[in-house]
Amino acid sequence: MIVTATMAALPSAARPFVWLLNALSVLFGGETQALEEDAVLKLVEQARAGDRAARQRLYRQHVQRVFRTVRGMLRSDAEAEDVTQDAMLTALTSLDRYSPRSGTRFAAWLTAIAVNTTRRRFRRRRPELTATGELPDVADPTGDIAADIDLTRQRAALLQALAELEPREREIVSLRYGSDLNASEIAAQLDMEAANVRKILERARVRLGERIEALGKSRGAAA
Amino acid sequence: MNDTELMNLWSALEPSGRQRARIETRVFDWLEASETSIAAEWLGLVKVEPLTALTYASVGVVSLILLTPVGWIVGWLVP
């Protein structure tokens, strides 16, 4: 998705490499090419009618978004994997309940399921949120080593900074930056006022930015 | 950090290739299992394999032909 968003800003010579990166990503199970809402709704209709290929495309289009959103709220990759799996299963087996006429984007509906699944998990175990920034268990096959190290550092700093936020702030920033929801969509999901969401978001964004920069400097000095 | 920078930073939380594969396998295995009827599973268990059945039948017939006279002889010898 981010690759697609930055495509326009790239020089034309670099575009073939981005297309190659996209192709490799699809080959390895991801789908970076974000679809328009109309195309997503068409996939939903086809999946409802029993089209398994459409269901799989719908899954691949959204699974990374769900994972990165819940990963910001949970303390480990393992928990995020479990929640992503449960949320995707709930969504794919409840497609009949989704109604675009309510004005809710499919991604927002799916994110609401993921947030509810995360909350159920909290009710069951109430884990201590001490994200430590554990490393991913395998490097991205499409990246180089220097980029992987950089990504690992960024990941660790982000998780550490997130762990220092209040649970409600963490939820709000995860929905904003993990799922790309706007303040009104976040407010609807968390049963809050949009103005309140904006206020918390602004405060959390500043705190996150300061903390990540501080962590980046201290890690850079240590290295 | 601005909104766009944070949005880009969040991509660092995306699942690794292995994690994606693990989640996808579990999700689609579950979906496939839930869509397979119990009747179909049972039919799969009792499906007829002609060669295997023919082999079993042949072994049974040969055993009967060979072992029956042996049984009679043993019966005569052992009172």
# chains A, B, ... in the order shown; residues from 1 in each chain; ligands from 1
$ interface_residues --of "chain B" --to "chain A" --cutoff "9 Å" --atoms "only C-alpha atoms" --output "PDB file with N, CA and C atoms, in the first residue's frame"
ATOM      1  N   MET B   1       7.546  14.233  14.130  1.00  0.00           N
ATOM      2  CA  MET B   1       7.142  13.346  13.027  1.00  0.00           C
ATOM      3  C   MET B   1       5.740  13.703  12.551  1.00  0.00           C
ATOM      4  N   ASN B   2       5.561  13.764  11.246  1.00  0.00           N
ATOM      5  CA  ASN B   2       4.219  14.103  10.758  1.00  0.00           C
ATOM      6  C   ASN B   2       3.419  12.818  10.443  1.00  0.00           C
ATOM      7  N   ASP B   3       2.176  13.057  10.010  1.00  0.00           N
ATOM      8  CA  ASP B   3       1.246  11.961   9.752  1.00  0.00           C
ATOM      9  C   ASP B   3       1.808  10.950   8.741  1.00  0.00           C
ATOM     10  N   THR B   4       2.363  11.468   7.639  1.00  0.00           N
ATOM     11  CA  THR B   4       2.868  10.584   6.571  1.00  0.00           C
ATOM     12  C   THR B   4       4.050   9.754   7.059  1.00  0.00           C
ATOM     13  N   LEU B   6       4.684   8.818  10.104  1.00  0.00           N
ATOM     14  CA  LEU B   6       4.206   7.764  11.011  1.00  0.00           C
ATOM     15  C   LEU B   6       3.515   6.640  10.229  1.00  0.00           C
ATOM     16  N   MET B   7       2.757   7.044   9.202  1.00  0.00           N
ATOM     17  CA  MET B   7       2.078   6.060   8.355  1.00  0.00           C
ATOM     18  C   MET B   7       3.123   5.130   7.724  1.00  0.00           C
ATOM     19  N   ASN B   8       4.220   5.713   7.226  1.00  0.00           N
ATOM     20  CA  ASN B   8       5.292   4.901   6.623  1.00  0.00           C
ATOM     21  C   ASN B   8       5.978   4.036   7.674  1.00  0.00           C
ATOM     22  N   LEU B   9       6.190   4.620   8.856  1.00  0.00           N
ATOM     23  CA  LEU B   9       6.861   3.877   9.923  1.00  0.00           C
ATOM     24  C   LEU B   9       6.063   2.638  10.308  1.00  0.00           C
ATOM     25  N   TRP B  10       4.728   2.749  10.263  1.00  0.00           N
ATOM     26  CA  TRP B  10       3.866   1.625  10.678  1.00  0.00           C
ATOM     27  C   TRP B  10       4.084   0.388   9.806  1.00  0.00           C
ATOM     28  N   SER B  11       4.615   0.591   8.597  1.00  0.00           N
ATOM     29  CA  SER B  11       4.840  -0.575   7.731  1.00  0.00           C
ATOM     30  C   SER B  11       5.900  -1.503   8.339  1.00  0.00           C
ATOM     31  N   ALA B  12       6.682  -0.976   9.304  1.00  0.00           N
ATOM     32  CA  ALA B  12       7.668  -1.828   9.982  1.00  0.00           C
ATOM     33  C   ALA B  12       6.977  -2.907  10.821  1.00  0.00           C
ATOM     34  N   LEU B  13       5.687  -2.718  11.111  1.00  0.00           N
ATOM     35  CA  LEU B  13       4.961  -3.705  11.925  1.00  0.00           C
ATOM     36  C   LEU B  13       4.302  -4.790  11.078  1.00  0.00           C
ATOM     37  N   GLU B  14       4.503  -4.720   9.771  1.00  0.00           N
ATOM     38  CA  GLU B  14       3.841  -5.723   8.922  1.00  0.00           C
ATOM     39  C   GLU B  14       4.426  -7.107   9.184  1.00  0.00           C
ATOM     40  N   PRO B  15       3.624  -8.147   8.958  1.00  0.00           N
ATOM     41  CA  PRO B  15       4.111  -9.504   9.254  1.00  0.00           C
ATOM     42  C   PRO B  15       5.207  -9.929   8.285  1.00  0.00           C
ATOM     43  N   SER B  16       6.082 -10.794   8.763  1.00  0.00           N
ATOM     44  CA  SER B  16       7.133 -11.334   7.891  1.00  0.00           C
ATOM     45  C   SER B  16       6.500 -12.333   6.918  1.00  0.00           C
ATOM     46  N   GLY B  17       7.274 -12.747   5.932  1.00  0.00           N
ATOM     47  CA  GLY B  17       6.753 -13.718   4.953  1.00  0.00           C
ATOM     48  C   GLY B  17       6.285 -14.995   5.618  1.00  0.00           C
ATOM     49  N   ARG B  18       7.065 -15.462   6.594  1.00  0.00           N
ATOM     50  CA  ARG B  18       6.696 -16.715   7.267  1.00  0.00           C
ATOM     51  C   ARG B  18       5.420 -16.544   8.091  1.00  0.00           C
ATOM     52  N   GLN B  19       5.307 -15.390   8.757  1.00  0.00           N
ATOM     53  CA  GLN B  19       4.089 -15.138   9.550  1.00  0.00           C
ATOM     54  C   GLN B  19       2.859 -15.086   8.650  1.00  0.00           C
ATOM     55  N   ARG B  20       3.024 -14.399   7.503  1.00  0.00           N
ATOM     56  CA  ARG B  20       1.894 -14.301   6.557  1.00  0.00           C
ATOM     57  C   ARG B  20       1.477 -15.685   6.087  1.00  0.00           C
ATOM     58  N   ALA B  21       2.473 -16.504   5.761  1.00  0.00           N
ATOM     59  CA  ALA B  21       2.178 -17.860   5.263  1.00  0.00           C
ATOM     60  C   ALA B  21       1.469 -18.671   6.337  1.00  0.00           C
ATOM     61  N   ARG B  22       1.932 -18.527   7.609  1.00  0.00           N
ATOM     62  CA  ARG B  22       1.338 -19.290   8.718  1.00  0.00           C
ATOM     63  C   ARG B  22      -0.125 -18.901   8.903  1.00  0.00           C
ATOM     64  N   ILE B  23      -0.385 -17.598   8.917  1.00  0.00           N
ATOM     65  CA  ILE B  23      -1.765 -17.129   9.133  1.00  0.00           C
ATOM     66  C   ILE B  23      -2.642 -17.604   7.981  1.00  0.00           C
ATOM     67  N   GLU B  24      -2.138 -17.453   6.753  1.00  0.00           N
ATOM     68  CA  GLU B  24      -2.947 -17.822   5.590  1.00  0.00           C
ATOM     69  C   GLU B  24      -3.280 -19.314   5.588  1.00  0.00           C
ATOM     70  N   ARG B  26      -3.498 -21.325   8.178  1.00  0.00           N
ATOM     71  CA  ARG B  26      -4.486 -21.646   9.227  1.00  0.00           C
ATOM     72  C   ARG B  26      -5.875 -21.181   8.834  1.00  0.00           C
ATOM     73  N   VAL B  27      -5.973 -19.972   8.295  1.00  0.00           N
ATOM     74  CA  VAL B  27      -7.288 -19.424   7.929  1.00  0.00           C
ATOM     75  C   VAL B  27      -7.944 -20.287   6.848  1.00  0.00           C
ATOM     76  N   PHE B  28      -7.176 -20.593   5.778  1.00  0.00           N
ATOM     77  CA  PHE B  28      -7.811 -21.301   4.657  1.00  0.00           C
ATOM     78  C   PHE B  28      -7.998 -22.790   4.938  1.00  0.00           C
ATOM     79  N   TRP B  30      -8.905 -23.844   7.885  1.00  0.00           N
ATOM     80  CA  TRP B  30     -10.121 -23.816   8.704  1.00  0.00           C
ATOM     81  C   TRP B  30     -11.347 -23.637   7.801  1.00  0.00           C
ATOM     82  N   LEU B  31     -11.245 -22.709   6.861  1.00  0.00           N
ATOM     83  CA  LEU B  31     -12.394 -22.453   5.970  1.00  0.00           C
ATOM     84  C   LEU B  31     -12.728 -23.696   5.148  1.00  0.00           C
TER      85      LEU B  31
END
$ select_by_dssp --residues "chain B" --states "helix (DSSP H, G or I)" --output "PyMOL selection string"
chain B and resi 3-13+17-35+38-45+50-77
$ closest_residue --among "A:Leu165, A:Ala112, A:Ala53, A:Ala188" --to "Ile200 of chain A" --atoms "only C-alpha atoms"
A:Leu165
$ atom_distance --atom1 "atom CA of Arg48 of chain A" --atom2 "atom CA of Arg97 of chain A"
10.3 Å
